[in-house]
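Below: model_24.txt (compact mmCIF, C-alpha atoms)
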# COMPACT_ATOMS: atom_id res chain seq x y z
CA MET W 291 86.21 129.31 104.25
CA LEU W 292 89.40 130.99 105.53
CA GLN W 293 89.48 134.33 107.23
CA GLY W 294 92.67 136.12 108.11
CA SER W 295 94.34 139.31 109.27
CA TYR W 296 97.59 140.13 110.98
CA SER W 297 96.29 139.20 114.44
CA THR W 298 93.51 136.66 113.87
CA TRP W 299 92.72 133.74 111.65
CA GLY W 300 90.05 131.10 111.39
CA ILE W 301 89.00 128.18 109.27
CA ASN W 302 85.68 126.40 108.93
CA ALA W 303 84.93 123.18 107.05
CA ASP W 304 82.38 120.42 106.71
CA PHE W 305 83.92 117.04 107.40
CA ILE W 306 82.40 113.67 106.51
CA CYS W 307 83.72 110.54 108.21
CA PRO W 308 82.38 107.08 109.15
CA ASN W 309 80.86 108.64 112.29
CA GLY W 310 78.80 111.16 110.32
CA LYS W 311 79.05 114.73 109.07
CA PHE W 312 80.53 117.48 111.25
CA ASN W 313 81.06 121.19 110.86
CA ILE W 314 84.46 122.05 112.31
CA GLY W 315 85.82 125.50 113.07
CA THR W 316 89.04 126.61 114.70
CA GLY W 317 91.14 129.75 114.90
CA LEU W 318 92.44 132.61 117.03
CA ARG W 319 90.32 135.38 118.54
CA GLU W 320 91.57 138.72 119.83
CA ASP W 321 89.15 138.72 122.75
CA THR W 322 90.50 135.46 124.20
CA VAL W 323 93.31 135.26 126.74
CA LYS W 324 96.64 135.73 124.93
CA ASN W 325 94.84 135.18 121.61
CA SER W 326 94.40 131.53 122.53
CA ARG W 327 93.09 129.11 119.94
CA VAL W 328 89.43 128.13 120.04
CA ALA W 329 87.57 125.26 118.39
CA LYS W 330 83.96 124.39 117.63
CA ILE W 331 82.15 121.29 116.46
CA ASN W 332 78.68 121.92 115.00
CA THR W 333 78.81 125.48 116.46
CA ASP W 334 79.44 124.15 120.00
CA LYS W 335 82.70 125.13 121.69
CA CYS W 336 85.01 122.21 122.40
CA SER W 337 88.57 121.42 123.43
CA LEU W 338 91.21 121.09 120.72
CA SER W 339 91.69 117.45 121.71
CA SER W 340 88.05 116.80 120.78
CA LEU W 341 88.88 117.53 117.13
CA GLY W 342 91.29 114.60 117.14
CA LYS W 343 88.45 112.21 117.97
CA ILE W 344 86.66 112.86 114.68
CA LEU W 345 89.44 114.14 112.42
CA LYS W 346 92.84 112.56 111.79
CA ILE W 347 95.55 114.50 109.96
CA SER W 348 99.11 113.53 109.13
CA TRP W 349 101.73 115.44 107.21
CA ILE W 350 105.23 115.67 105.80
CA THR W 351 106.97 119.01 105.27
CA PRO W 352 110.45 119.80 103.87
CA GLN W 353 111.64 120.68 107.39
CA MET W 354 110.85 117.13 108.52
CA CYS W 355 113.24 115.69 105.94
CA ILE W 356 116.13 116.56 108.28
CA LEU W 357 114.26 115.22 111.33
CA PHE W 358 116.75 112.41 111.91
CA GLN W 359 119.70 114.79 111.72
CA THR W 360 118.41 116.95 114.57
CA GLY W 361 118.38 116.30 118.30
CA MET W 362 116.32 113.81 120.27
CA ILE W 363 113.82 116.52 121.24
CA GLU W 364 112.54 116.71 117.66
CA ARG W 365 112.28 112.93 117.44
CA ARG W 366 110.19 112.85 120.62
CA ARG W 367 107.91 115.54 119.21
CA PHE W 368 107.50 113.50 116.04
CA ILE W 369 106.61 110.34 117.99
CA ASP W 370 104.24 112.34 120.19
CA ARG W 371 102.42 113.70 117.14
CA LEU W 372 101.96 110.19 115.77
CA THR W 373 100.82 109.02 119.21
CA SER W 374 98.24 111.79 119.50
CA SER W 375 96.35 110.25 116.57
CA LEU W 376 95.66 107.22 118.77
CA ASP W 377 95.26 109.12 122.04
CA SER W 378 93.73 112.58 121.63
CA LEU W 379 94.80 113.62 125.16
CA HIS W 380 98.45 112.67 124.69
CA LEU W 381 99.84 116.07 123.65
CA ASN W 382 98.00 117.75 126.49
CA ARG W 383 99.70 115.38 128.94
CA VAL W 384 103.11 116.10 127.40
CA TYR W 385 102.49 119.84 127.73
CA LYS W 386 101.36 119.60 131.36
CA HIS W 387 104.27 117.29 132.23
CA GLY W 388 106.72 119.93 131.02
CA ILE W 389 105.02 122.65 133.07
CA LEU W 390 105.11 120.50 136.22
CA LEU W 391 108.82 119.79 135.80
CA ARG W 392 109.53 123.53 135.56
CA GLN W 393 107.34 124.26 138.59
CA ARG W 394 109.18 121.64 140.61
CA SER W 395 112.56 123.16 139.69
CA LYS W 396 111.42 126.64 140.76
CA ILE W 397 110.15 125.36 144.11
CA LEU W 398 113.43 123.56 144.81
CA MET W 399 115.34 126.82 144.30
CA HIS W 400 113.85 128.13 147.54
CA LEU W 401 115.40 127.05 150.83
CA ASN W 402 112.06 126.62 152.57
CA SER W 403 110.32 124.48 149.95
CA ASP W 404 106.71 123.54 150.53
CA LYS W 405 106.87 119.74 150.94
CA THR W 406 103.11 119.29 150.56
CA TRP W 407 103.17 121.20 147.29
CA LEU W 408 106.15 119.15 146.11
CA ASP W 409 104.35 115.92 146.99
CA THR W 410 101.37 116.98 144.88
CA ILE W 411 103.46 118.06 141.89
CA GLU W 412 105.61 114.93 141.99
CA SER W 413 102.54 112.74 142.17
CA GLN W 414 101.20 114.41 139.02
CA ILE W 415 104.57 114.14 137.28
CA SER W 416 104.69 110.40 137.96
CA GLU W 417 101.14 109.89 136.65
CA PHE W 418 101.81 111.86 133.47
CA SER W 419 105.18 110.14 132.98
CA VAL W 420 103.58 106.68 132.98
CA ALA W 421 100.60 107.74 130.86
CA ILE W 422 102.79 109.46 128.23
CA THR W 423 105.20 106.54 128.04
CA ALA W 424 102.42 103.94 127.87
CA SER W 425 100.71 105.79 125.00
CA ARG W 426 103.97 106.06 123.08
CA LEU W 427 104.68 102.36 123.57
CA GLU W 428 101.18 101.44 122.39
CA MET W 429 101.59 103.46 119.20
CA VAL W 430 105.07 102.12 118.47
CA GLU W 431 103.96 98.54 119.11
CA ALA W 432 101.00 98.95 116.74
CA LEU W 433 103.25 100.44 114.04
CA ASN W 434 105.91 97.75 114.44
CA ASP W 435 103.23 95.03 114.35
CA LEU W 436 101.89 96.46 111.08
CA TYR W 437 105.37 96.34 109.58
CA ASN W 438 105.76 92.73 110.76
CA LYS W 439 102.56 91.71 108.96
CA GLU W 440 103.40 93.62 105.79
CA LEU W 441 107.00 92.48 105.38
CA ASN W 442 106.04 89.53 103.21
CA ASP W 443 103.06 90.83 101.27
CA ASN W 444 103.39 94.60 100.83
CA CYS W 445 105.15 95.75 97.67
CA LEU W 446 105.52 99.24 99.16
CA ILE W 447 108.51 98.10 101.21
CA ASP W 448 110.47 97.56 98.00
CA ASN W 449 110.57 101.34 97.57
CA PHE W 450 110.08 102.71 101.08
CA PRO W 451 112.04 100.65 103.62
CA PRO W 452 110.16 99.19 106.59
CA ALA W 453 111.20 100.75 109.88
CA GLU W 454 111.57 99.46 113.39
CA ILE W 455 111.09 102.03 116.15
CA LYS W 456 112.52 101.52 119.64
CA LEU W 457 111.84 103.61 122.74
CA ILE W 458 114.66 103.40 125.26
CA GLY W 459 114.35 104.68 128.81
CA LYS W 460 113.93 103.74 132.46
CA ILE W 461 110.13 104.02 132.46
CA GLU W 462 109.85 102.10 129.19
CA ASP W 463 111.85 99.28 130.74
CA LEU W 464 109.86 99.29 133.99
CA LEU W 465 106.50 99.16 132.21
CA THR W 466 107.50 95.88 130.58
CA LYS W 467 108.03 94.32 134.01
CA LYS W 468 105.66 96.00 136.46
CA PRO W 469 102.08 97.35 136.66
CA ALA W 470 101.62 101.06 135.95
CA SER W 471 100.69 101.80 139.57
CA GLU W 472 103.97 100.36 140.84
CA VAL W 473 105.94 102.34 138.28
CA GLU W 474 104.19 105.53 139.39
CA ASP W 475 105.13 104.84 143.02
CA TYR W 476 108.73 104.17 141.98
CA ILE W 477 108.94 107.49 140.11
CA LYS W 478 107.48 109.41 143.07
CA ASP W 479 110.05 107.81 145.37
CA ILE W 480 112.93 108.73 143.05
CA LEU W 481 111.68 112.31 142.69
CA LYS W 482 111.41 112.70 146.46
CA LYS W 483 114.90 111.33 147.08
CA SER W 484 116.43 113.57 144.41
CA ARG W 485 114.87 116.86 145.60
CA PHE W 486 118.10 118.30 146.91
CA SER W 487 120.55 116.16 144.98
CA GLU W 488 123.18 117.82 142.84
CA ASP W 489 122.20 115.49 140.02
CA GLU W 490 119.14 117.13 138.44
CA ASN W 491 119.07 114.78 135.45
CA ILE W 492 115.70 113.19 136.32
CA PHE W 493 114.62 110.38 134.01
CA GLY W 494 111.21 110.50 132.35
CA PRO W 495 109.44 110.77 128.98
CA HIS W 496 111.36 114.01 128.33
CA LYS W 497 114.57 111.91 128.30
CA THR W 498 113.40 108.97 126.16
CA ILE W 499 115.88 107.83 123.51
CA ILE W 500 114.29 106.97 120.16
CA GLU W 501 116.06 104.60 117.79
CA ILE W 502 114.84 103.94 114.25
CA LEU W 503 116.20 101.08 112.17
CA ASN W 504 115.86 100.22 108.50
CA ARG W 505 114.64 96.61 108.61
CA LYS W 506 115.94 95.83 105.13
CA ASN W 507 119.60 96.34 106.05
CA ASN W 508 119.35 96.69 109.88
CA LYS W 509 120.98 100.12 109.57
CA ASN W 510 120.36 102.77 112.22
CA VAL W 511 118.82 105.91 110.76
CA ASN W 512 121.71 107.90 112.27
CA SER W 513 124.13 106.31 109.81
CA ALA W 514 121.78 106.39 106.82
CA SER W 515 122.19 108.85 103.96
CA THR W 516 119.86 111.82 103.72
CA GLY W 517 118.08 110.09 100.85
CA GLU W 518 117.52 106.93 102.94
CA GLN W 519 116.32 109.03 105.86
CA LYS W 520 113.74 110.74 103.65
CA LEU W 521 112.44 107.39 102.40
CA LEU W 522 112.21 106.08 105.99
CA LEU W 523 110.25 109.16 107.01
CA ILE W 524 107.78 108.67 104.16
CA SER W 525 107.55 104.97 105.02
CA ILE W 526 106.66 105.74 108.65
CA ILE W 527 104.01 108.34 107.73
CA LEU W 528 102.36 106.06 105.14
CA SER W 529 102.37 103.07 107.49
CA HIS W 530 100.99 105.21 110.29
CA ALA W 531 98.16 106.27 107.97
CA ARG W 532 97.36 102.63 107.16
CA MET W 533 97.42 101.80 110.86
CA LEU W 534 94.93 104.57 111.66
CA ASN W 535 92.62 103.41 108.88
CA LYS W 536 92.78 99.88 110.26
CA ASN W 537 92.22 100.90 113.90
CA PHE W 538 89.53 103.55 113.41
CA ASN W 539 88.09 102.77 109.99
CA MET W 540 89.09 106.35 109.19
CA ALA W 541 92.02 107.15 106.93
CA PRO W 542 93.73 110.40 107.95
CA ILE W 543 93.91 113.44 105.71
CA LEU W 544 97.46 113.48 104.34
CA LEU W 545 99.28 116.77 103.76
CA LEU W 546 102.41 116.25 101.65
CA ASP W 547 104.19 119.57 101.31
CA ASP W 548 106.81 119.96 98.58
CA ILE W 549 107.76 116.27 98.65
CA ALA W 550 107.15 114.90 95.14
CA GLU W 551 109.80 116.89 93.28
CA HIS W 552 112.51 115.77 95.71
CA LEU W 553 112.07 112.09 94.81
CA ASP W 554 113.42 110.29 91.77
CA LYS W 555 110.89 108.97 89.27
CA LYS W 556 110.85 105.44 90.73
CA HIS W 557 110.01 106.57 94.26
CA ARG W 558 107.70 109.34 93.07
CA CYS W 559 105.62 106.81 91.11
CA ALA W 560 105.59 104.45 94.13
CA LEU W 561 104.40 107.29 96.36
CA PHE W 562 101.70 108.29 93.89
CA LEU W 563 100.49 104.70 93.61
CA GLU W 564 100.19 104.36 97.39
CA ILE W 565 98.41 107.71 97.72
CA SER W 566 95.96 106.78 94.95
CA ARG W 567 94.96 103.79 97.11
CA HIS W 568 94.66 105.89 100.27
CA GLU W 569 91.07 105.86 101.54
CA GLY W 570 91.00 109.53 102.44
CA GLN W 571 91.90 112.96 101.11
CA SER W 572 95.52 113.67 100.22
CA TRP W 573 96.89 117.14 99.54
CA PHE W 574 100.16 117.73 97.71
CA THR W 575 101.91 121.06 97.28
CA SER W 576 104.57 121.74 94.69
CA THR W 577 106.35 124.63 93.05
CA THR W 578 106.51 122.67 89.79
CA LYS W 579 103.41 122.17 87.65
CA GLY W 580 104.77 118.99 86.08
CA ALA W 581 105.51 117.26 89.40
CA PHE W 582 102.33 115.17 89.17
CA ALA W 583 102.52 114.16 85.52
CA ASP W 584 102.90 110.51 86.54
CA TYR W 585 99.98 110.45 88.98
CA PRO W 586 97.99 107.29 88.07
CA THR W 587 94.50 108.78 88.29
CA LEU W 588 92.56 112.01 88.05
CA ILE W 589 93.54 114.75 90.48
CA ASN W 590 92.16 118.16 91.42
CA LYS W 591 94.40 121.21 91.29
CA ILE W 592 94.45 124.65 92.87
CA ASN W 593 96.50 127.30 91.11
CA LEU W 594 97.91 129.31 94.00
CA PRO W 595 98.83 132.46 92.00
CA LYS W 596 95.12 132.96 91.29
CA ILE W 597 94.46 133.00 95.03
CA ILE W 598 97.35 135.35 95.80
CA ASN W 599 96.04 137.90 93.30
CA GLN W 600 92.68 138.04 95.03
CA SER W 601 91.87 140.69 97.61
CA LYS W 602 93.29 139.99 101.05
CA GLY W 603 91.28 139.20 104.16
CA LYS W 604 88.61 136.63 103.34
CA TYR W 605 88.87 133.74 100.88
CA ASP W 606 86.44 131.12 99.70
CA PHE W 607 88.66 128.40 98.25
CA GLN W 608 87.26 126.27 95.48
CA TYR W 609 88.90 123.80 93.17
CA GLY W 610 87.86 121.86 90.12
CA GLU W 611 88.93 118.73 88.30
CA THR W 612 91.64 119.12 85.66
This structure in structure tokens:
Amino acid sequence: MLQGSYSTWGINADFICPNGKFNIGTGLREDTVKNSRVAKINTDKCSLSSLGKILKISWITPQMCILFQTGMIERRRFIDRLTSSLDSLHLNRVYKHGILLRQRSKILMHLNSDKTWLDTIESQISEFSVAITASRLEMVEALNDLYNKELNDNCLIDNFPPAEIKLIGKIEDLLTKKPASEVEDYIKDILKKSRFSEDENIFGPHKTIIEILNRKNNKNVNSASTGEQKLLLISIILSHARMLNKNFNMAPILLLDDIAEHLDKKHRCALFLEISRHEGQSWFTSTTKGAFADYPTLINKINLPKIINQSKGKYDFQYGET
């Protein structure tokens, strides 16, 4: 059930997973602070991060197809989204880390800065920096390990090239050599020493460099064609979905928006074959009715024009087999 207006929206669904059946609701309410988003599980209010513990979702949209042509900020956001599927608190840490960095900068603009306040903020920044980086490294290591195991026995890599993801940064390097507690102390020391330095380029998870390589030809994604980049993106999303199914015994819901018609027949058929084996729901969208003619099994369809012609405000979406 979907409800909507110009200022509010909400969605409610029953979700069945290996851990049982849950009723999930989320949306915006006018009576909350700044129309903040609320969530419920079985009618009980919960944090948004709690939804990630029982429901995994992954997606590809047309905008993501130029992900590797944009700046490093978008790559970090992409990696953070993948990481949040393993660590439901990860995005919250990233958000709070950014707020703390801005607070620290504002405090340092004043001549009489509160040193106690700075000590507290910098301590939190160091803790979040290590936690964020460690979670990213764990996800990347799990994904790279999956690729290593599949290189010799997964036919999917013949059509969607296996990727290698590298995270490059000071904290990443330190965590391979020292315990997390020592790295936190090191970051706090650096932040304290740099308080009134002219060099404000503080290292941290907000500065991490992300490199992605095509393992088949050892080519960096930066020098790959747009077609190769799109195939690498699909490869990463599909492998991430298999990794989640392996780790949690719960395949994520896949949302594939306007992707099928932008692939040639060979890669479209390979994508369809992989999705037909996916142990969870997969949703495709397309502007072309014939885009799924080669799908290897029965699929359900929703004809969007029928929905658009309905009265606005409250919809009860249903679909049937075709």
Between CA of Arg392 in chain W and CA of Ser337 in chain W, what is the distance in Å, rounded to a tenth?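 Distance reported for this atom pair: 24.3 Å.
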Using all atoms listed in the file, pick whichever of W:Ala514, W:Leu503, W:Cys307, W:Met362 has the shortest atom-to-atom distance to Ile526 in chain W. W:Leu503
With 12 Å as the cut-off and only C-alpha atoms counted, what is the closest atom pair between each nearby residue of range 498-554 of chain W and range 442-462 of chain W? Distances in Å to one decimal, ordered by chain and number, as CSV.
residue,atom,partner,partner_atom,distance
W:Thr498,CA,W:Gly459,CA,5.1
W:Ile499,CA,W:Ile458,CA,4.9
W:Ile500,CA,W:Leu457,CA,4.9
W:Glu501,CA,W:Lys456,CA,5.0
W:Ile502,CA,W:Ile455,CA,4.6
W:Leu503,CA,W:Glu454,CA,5.1
W:Asn504,CA,W:Ala453,CA,4.9
W:Arg505,CA,W:Ala453,CA,5.5
W:Lys506,CA,W:Pro451,CA,6.4
W:Asn507,CA,W:Pro451,CA,9.0
W:Asn508,CA,W:Glu454,CA,9.0
W:Lys509,CA,W:Ala453,CA,9.8
W:Asn510,CA,W:Glu454,CA,9.5
W:Val511,CA,W:Ala453,CA,9.2
W:Ala514,CA,W:Pro451,CA,11.7
W:Gly517,CA,W:Phe450,CA,10.9
W:Glu518,CA,W:Pro451,CA,8.4
W:Gln519,CA,W:Pro451,CA,9.7
W:Lys520,CA,W:Phe450,CA,9.2
W:Leu521,CA,W:Phe450,CA,5.4
W:Leu522,CA,W:Pro451,CA,5.9
W:Leu523,CA,W:Phe450,CA,8.8
W:Ile524,CA,W:Phe450,CA,7.1
W:Ser525,CA,W:Phe450,CA,5.2
W:Ile526,CA,W:Ala453,CA,6.9
W:Ile527,CA,W:Phe450,CA,10.6
W:Leu528,CA,W:Phe450,CA,9.3
W:Ser529,CA,W:Pro452,CA,8.7
W:His530,CA,W:Ala453,CA,11.1
W:Arg532,CA,W:Asn444,CA,11.9
W:Leu553,CA,W:Asn449,CA,11.2
W:Asp554,CA,W:Asn449,CA,11.0
Residue neighbourhood Ile543 in chain W, 6 Å, only C-alpha atoms, exclusion window fewer than 3 positions, as a PyMOL selection string: chain W and resi 347+570-572
W:Ile369, W:Leu376, W:Ile422, W:Met354 ranked by distance to Gly388 in chain W, top pick (using only C-alpha atoms):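 Of W:Ile369, W:Leu376, W:Ile422, W:Met354, the one nearest Gly388 in chain W is W:Ile422, counting only C-alpha atoms.
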Selection near Leu546 in chain W, 10 Å with all atoms listed in the file, sequence-local residues under 5 positions removed, as a short mmCIF file (atom, residue, chain, number, x, y, z; two decimals) with C-alpha atoms, in the coordinates of the input:
data_model
loop_
_atom_site.label_atom_id
_atom_site.label_comp_id
_atom_site.auth_asym_id
_atom_site.auth_seq_id
_atom_site.Cartn_x
_atom_site.Cartn_y
_atom_site.Cartn_z
CA SER W 348 99.11 113.53 109.13
CA TRP W 349 101.73 115.44 107.21
CA ILE W 350 105.23 115.67 105.80
CA THR W 351 106.97 119.01 105.27
CA PRO W 352 110.45 119.80 103.87
CA ILE W 524 107.78 108.67 104.16
CA SER W 572 95.52 113.67 100.22
CA TRP W 573 96.89 117.14 99.54
CA PHE W 574 100.16 117.73 97.71
CA THR W 575 101.91 121.06 97.28
CA SER W 576 104.57 121.74 94.69
#
Considering all atoms listed in the file, state which residue in the set W:Asn537, W:Asn512, W:Ser425, W:Thr587 is at the smallest distance from Gly361 in chain W. W:Asn512
How many Å lie between CA of Asp409 in chain W and CA of Lys396 in chain W, rounded to one decimal?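 One can read the CA of Asp409 in chain W to CA of Lys396 in chain W distance as 14.3 Å.
Checking W:Arg426, W:Glu440, W:Ile344, W:Met399 one by one against Phe368 in chain W, counting only C-alpha atoms, you find the shortest gap at W:Arg426.
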Rounded to one decimal, what separation in Å do you get between CA of Gly342 in chain W and CA of Asp377 in chain W? 8.4 Å
